[in-house]
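**Q** For reference, the structure I am asking about is given below.
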Amino acid sequence: MPMYSSKPNARHDDVPRLGILVTNLGTPDAPTTPALRRYLAEFLGDPRVVEINRVLWWLLLHGVILRTRPKKSAAAYAEVWEEGGSPLLTIGKDQVAGIDERLQERLDGPVSVKLAMRYGNPSIREGLQALRDEGAERILVLPLYPQYSATTVGSTYDAVFDELKKWRRIPELRLIGQYHDDPAYIQALVNTIREHRETNGKPEKMLFSFHGMPRRYLLNGDNYHCQCQKTARLVAEQLGLADDEWQVTFQSLFGREVWLQPYTDATVKSLAESGMKTLDVICPGFSADCLETLEEIEGENAEIFEDNGGEHLRYIRALNARDDHLDMLTDLVVDHIQGWPEADPAIKRSRRDPQKTLERARAMGSSQWMDE
Ligand SMILES: C=CC1=C(C)c2cc3[nH]c(cc4nc(cc5[nH]c(cc1n2)c(C)c5CCC(=O)O)C(CCC(=O)O)=C4C)c(C)c3C=C
Ligand SMILES: [Fe+2]
Ligand SMILES: [Fe+2]
């Protein structure tokens, strides 16, 4: 058994492909307690996510949290679960299909695009191996997080490196770290807000709600908070919003530590109590709708608003598989593969005349070198 793994039946005349690994956070396999236990053990066991003493955390995670939280989380997931599965996964599949279709049209060379999840399935390991087995020799990783954070993008890179260090032929690798101020991303957010306002009218205020994290991570150098602020500011500027018409908040608090503030739920409550009747909420850090937007914002926070005197909390959906979003992500990929040959010269010829290229390769004695 070799120490390092390889593409099965690799040949010298294999056509080198470009591989694009599109990743997101991941989701449980089913809205059930055992599936949630598996998923949360992997997710919350990641030191990038919960950065505290390993021994202490292991005891707390396995002794307390994984005995109680999975049941509660499973009930929340059941509320948003769709026929095709978890929204994050079904939307992810649509996003990848859309990016794939656009890239096949735009690129001359062969390209494969795969979806992978940092936790759960399809895994990053599976995605990378599928790209390799289809012949990808150059791989670009696109984590679908507009704002960089060590807890999300950093952790995705960890999983990529952990897999690649087991390979014999490590592909050329590029990583996209963030696109929080990409003009086309900002424009797509502006478009979706404008469309929402055309149908529903202007709200009294708009919240830009981002997933939170312990404030300690910001103080220790994570630049996520700054990128969230910039995204929101650029959108507000482009919409011409006055300072009192918008605000940045942070949601999805977990545990007892102080997280990035102000908190979304507390802000929603105090705005309702102050007499506000219509509030729009957009979550620009989520490229796809998921538990945290559908159940927490559109469900729980709308209830908080109404229970405290507000009338309508209107959640503006994530960019999901909108055309402007997929066009923007495809442009981002194309920007990041610049300078990478789409195929080597022999392969360019092979596209004109595959038989001749094969004959030439055989004449050079490089036809095949493994198996067969
Ligand atoms: C323990 C701390 C957590 C940190 C730090 C954290 C950061 C973080 N997460 C996202 C995006 C998503 N998180 C989602 C779910 C989710 N997040 C946490 C905890 C932390 N996240 C938990 C425990 C869960 C699971 C649900 C639950 O039990 O409450 C999701 C949704 C996944 C889905 O399947 O729908 C997303 C997306 C970001 C962007 C982020 C930091 C920047
Ligand atoms: Fe999270
Ligand atoms: Fe949540």
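Following the order of the structure tokens, chains are lettered A, B, ..., residues in each are numbered from 1, and ligands are numbered from 1.
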Pick out the residues sitting within 12 Å of Leu21 (chain A), and hand them over as a PyMOL selection string; count only C-alpha atoms, and ignore anything fewer than 5 positions along from it in its own chain.
**A** chain A and resi 92+96+99-100+111-118+122-132+136+138-144+156-157+160+173-176+333
**Q** Can those selected residues be exported to a file as a PDB file, in the first residue's frame so that it contains C-alpha atoms?
**A**
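Saved file part-v2.pdb follows:
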```
ATOM      1  CA  GLY A  92     -25.270  24.847  -3.256  1.00  0.00           C
ATOM      2  CA  VAL A  96     -22.393  24.868  -8.711  1.00  0.00           C
ATOM      3  CA  ILE A  99     -21.075  28.233 -12.302  1.00  0.00           C
ATOM      4  CA  ASP A 100     -20.197  25.041 -14.194  1.00  0.00           C
ATOM      5  CA  VAL A 111     -12.798  22.211 -16.531  1.00  0.00           C
ATOM      6  CA  SER A 112     -14.574  20.316 -13.740  1.00  0.00           C
ATOM      7  CA  VAL A 113     -16.538  22.030 -10.989  1.00  0.00           C
ATOM      8  CA  LYS A 114     -17.462  20.257  -7.722  1.00  0.00           C
ATOM      9  CA  LEU A 115     -19.364  21.218  -4.602  1.00  0.00           C
ATOM     10  CA  ALA A 116     -17.838  20.329  -1.245  1.00  0.00           C
ATOM     11  CA  MET A 117     -18.772  21.024   2.361  1.00  0.00           C
ATOM     12  CA  ARG A 118     -16.340  21.766   5.198  1.00  0.00           C
ATOM     13  CA  PRO A 122     -20.113  15.934   0.163  1.00  0.00           C
ATOM     14  CA  SER A 123     -16.788  16.363   1.951  1.00  0.00           C
ATOM     15  CA  ILE A 124     -13.775  18.371   0.848  1.00  0.00           C
ATOM     16  CA  ARG A 125     -11.858  15.099   0.635  1.00  0.00           C
ATOM     17  CA  GLU A 126     -14.441  13.631  -1.759  1.00  0.00           C
ATOM     18  CA  GLY A 127     -14.561  16.806  -3.835  1.00  0.00           C
ATOM     19  CA  LEU A 128     -10.787  17.045  -4.208  1.00  0.00           C
ATOM     20  CA  GLN A 129     -10.471  13.341  -5.039  1.00  0.00           C
ATOM     21  CA  ALA A 130     -13.249  13.584  -7.628  1.00  0.00           C
ATOM     22  CA  LEU A 131     -11.445  16.523  -9.280  1.00  0.00           C
ATOM     23  CA  ARG A 132      -8.155  14.631  -9.262  1.00  0.00           C
ATOM     24  CA  ALA A 136      -7.539  18.113 -12.544  1.00  0.00           C
ATOM     25  CA  ARG A 138      -4.663  22.753 -11.228  1.00  0.00           C
ATOM     26  CA  ILE A 139      -7.263  23.417  -8.560  1.00  0.00           C
ATOM     27  CA  LEU A 140      -8.892  26.668  -7.522  1.00  0.00           C
ATOM     28  CA  VAL A 141     -10.808  26.660  -4.218  1.00  0.00           C
ATOM     29  CA  LEU A 142     -13.727  29.059  -3.928  1.00  0.00           C
ATOM     30  CA  PRO A 143     -15.221  29.128  -0.409  1.00  0.00           C
ATOM     31  CA  LEU A 144     -18.641  30.757  -0.678  1.00  0.00           C
ATOM     32  CA  THR A 156     -11.701  25.331   4.751  1.00  0.00           C
ATOM     33  CA  TYR A 157      -8.048  25.782   3.815  1.00  0.00           C
ATOM     34  CA  VAL A 160      -7.861  21.232   1.782  1.00  0.00           C
ATOM     35  CA  LEU A 173      -3.372  25.277  -5.992  1.00  0.00           C
ATOM     36  CA  ARG A 174      -5.044  28.663  -5.713  1.00  0.00           C
ATOM     37  CA  LEU A 175      -7.387  29.834  -2.975  1.00  0.00           C
ATOM     38  CA  ILE A 176      -9.943  32.607  -2.966  1.00  0.00           C
ATOM     39  CA  VAL A 333     -13.150  32.328 -10.787  1.00  0.00           C
TER      40      VAL A 333
END
```
**Q** Phe286 (chain A): which residues within 9 Å, counting only C-alpha atoms, same-chain residues fewer than 3 positions away excluded, as a PyMOL selection string?
**A** chain A and resi 144-146+210-211+283+289-290+292-293+318-320
**Q** Mind writing the picked residues with N, CA and C atoms as a PDB file, in the first residue's frame?
**A**
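Resulting contents of out_6.pdb:
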```pdb
ATOM      1  N   LEU A 144     -17.547  29.797  -0.433  1.00  0.00           N
ATOM      2  CA  LEU A 144     -18.641  30.757  -0.678  1.00  0.00           C
ATOM      3  C   LEU A 144     -18.913  31.630   0.550  1.00  0.00           C
ATOM      4  N   TYR A 145     -17.862  32.240   1.065  1.00  0.00           N
ATOM      5  CA  TYR A 145     -17.995  33.206   2.152  1.00  0.00           C
ATOM      6  C   TYR A 145     -17.457  34.532   1.628  1.00  0.00           C
ATOM      7  N   PRO A 146     -18.299  35.538   1.504  1.00  0.00           N
ATOM      8  CA  PRO A 146     -17.810  36.818   0.973  1.00  0.00           C
ATOM      9  C   PRO A 146     -16.776  37.475   1.881  1.00  0.00           C
ATOM     10  N   PHE A 210     -24.980  39.853  10.067  1.00  0.00           N
ATOM     11  CA  PHE A 210     -23.918  38.892   9.721  1.00  0.00           C
ATOM     12  C   PHE A 210     -23.814  37.843  10.828  1.00  0.00           C
ATOM     13  N   HIS A 211     -23.372  36.650  10.478  1.00  0.00           N
ATOM     14  CA  HIS A 211     -23.105  35.624  11.487  1.00  0.00           C
ATOM     15  C   HIS A 211     -22.048  36.175  12.444  1.00  0.00           C
ATOM     16  N   CYS A 283     -28.904  39.400   4.984  1.00  0.00           N
ATOM     17  CA  CYS A 283     -27.745  38.722   5.591  1.00  0.00           C
ATOM     18  C   CYS A 283     -26.672  38.517   4.520  1.00  0.00           C
ATOM     19  N   ASP A 289     -29.190  30.647   1.416  1.00  0.00           N
ATOM     20  CA  ASP A 289     -30.065  30.569   2.580  1.00  0.00           C
ATOM     21  C   ASP A 289     -29.857  29.251   3.309  1.00  0.00           C
ATOM     22  N   CYS A 290     -30.069  29.288   4.609  1.00  0.00           N
ATOM     23  CA  CYS A 290     -29.755  28.138   5.455  1.00  0.00           C
ATOM     24  C   CYS A 290     -30.501  28.299   6.765  1.00  0.00           C
ATOM     25  N   GLU A 292     -29.568  29.473   9.519  1.00  0.00           N
ATOM     26  CA  GLU A 292     -29.332  30.745  10.209  1.00  0.00           C
ATOM     27  C   GLU A 292     -30.104  31.919   9.616  1.00  0.00           C
ATOM     28  N   THR A 293     -30.492  31.825   8.368  1.00  0.00           N
ATOM     29  CA  THR A 293     -31.282  32.910   7.785  1.00  0.00           C
ATOM     30  C   THR A 293     -32.777  32.560   7.847  1.00  0.00           C
ATOM     31  N   ALA A 318     -31.056  35.450   0.541  1.00  0.00           N
ATOM     32  CA  ALA A 318     -29.645  35.446   0.133  1.00  0.00           C
ATOM     33  C   ALA A 318     -29.551  35.458  -1.395  1.00  0.00           C
ATOM     34  N   LEU A 319     -28.358  35.696  -1.902  1.00  0.00           N
ATOM     35  CA  LEU A 319     -28.202  35.802  -3.370  1.00  0.00           C
ATOM     36  C   LEU A 319     -28.398  34.442  -4.053  1.00  0.00           C
ATOM     37  N   ASN A 320     -28.202  33.370  -3.300  1.00  0.00           N
ATOM     38  CA  ASN A 320     -28.522  32.010  -3.791  1.00  0.00           C
ATOM     39  C   ASN A 320     -28.090  31.794  -5.234  1.00  0.00           C
TER      40      ASN A 320
END
```
**Q** Among region 164-337 of chain A, which residues does DSSP mark as strand (DSSP E) when it is run on the backbone? Keep the chain and numbering as in the structure and answer as number ranges by chain.
**A** A: 172-175, 205-211, 246-251, 278-282, 312-316
**Q** Could you list, as a PyMOL selection string, all the residues within 9 Å of ligand 1, counting only C-alpha atoms and all ligand atoms?
**A** chain A and resi 24-28+36+39-40+43-44+48-51+69-70+72-74+76-77+80+86-89+145-153+210-214+217+224-225+252-255+259+285-294
**Q** Nearest residue to Arg17 (chain A) out of A:Pro47, A:Gly98, A:Pro110, A:Pro31, using only C-alpha atoms?
**A**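 That would be A:Pro110, the residue with the smallest distance to Arg17 (chain A).
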**Q** So the first atom is CA of Ala302 (chain A) and the second is CA of Asp280 (chain A); what is the distance between them in Å, to one decimal place?
**A**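 Atom-to-atom, CA of Ala302 (chain A) to CA of Asp280 (chain A), that is 9.9 Å.
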**Q** Show which residues sit within 12 Å of Glu237 (chain A), as a list in words. Count only C-alpha atoms, and ignore same-chain residues fewer than 5 positions away.
**A** Ile186, Gln187, Val190, Lys230, Thr231, Ala232, Ala242, Asp243, Glu245 and Trp246 of chain A
**Q** Val334 (chain A): which residues within 10 Å, counting only C-alpha atoms, same-chain residues fewer than 4 positions away excluded, as JSON, numbers by chain?
**A** {"A": [103, 106, 107, 328, 329, 330, 338]}
**Q** To one decimal in Å, tell me the separation between CA of Asp331 (chain A) and CA of Tyr185 (chain A).
**A**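 Computing it gives 10.5 Å between the two atoms.
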**Q** Just the number, please: distance in Å from CA of Pro171 (chain A) to CA of Glu137 (chain A), one decimal.
**A**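 Atom-to-atom, CA of Pro171 (chain A) to CA of Glu137 (chain A), that is 4.9 Å.
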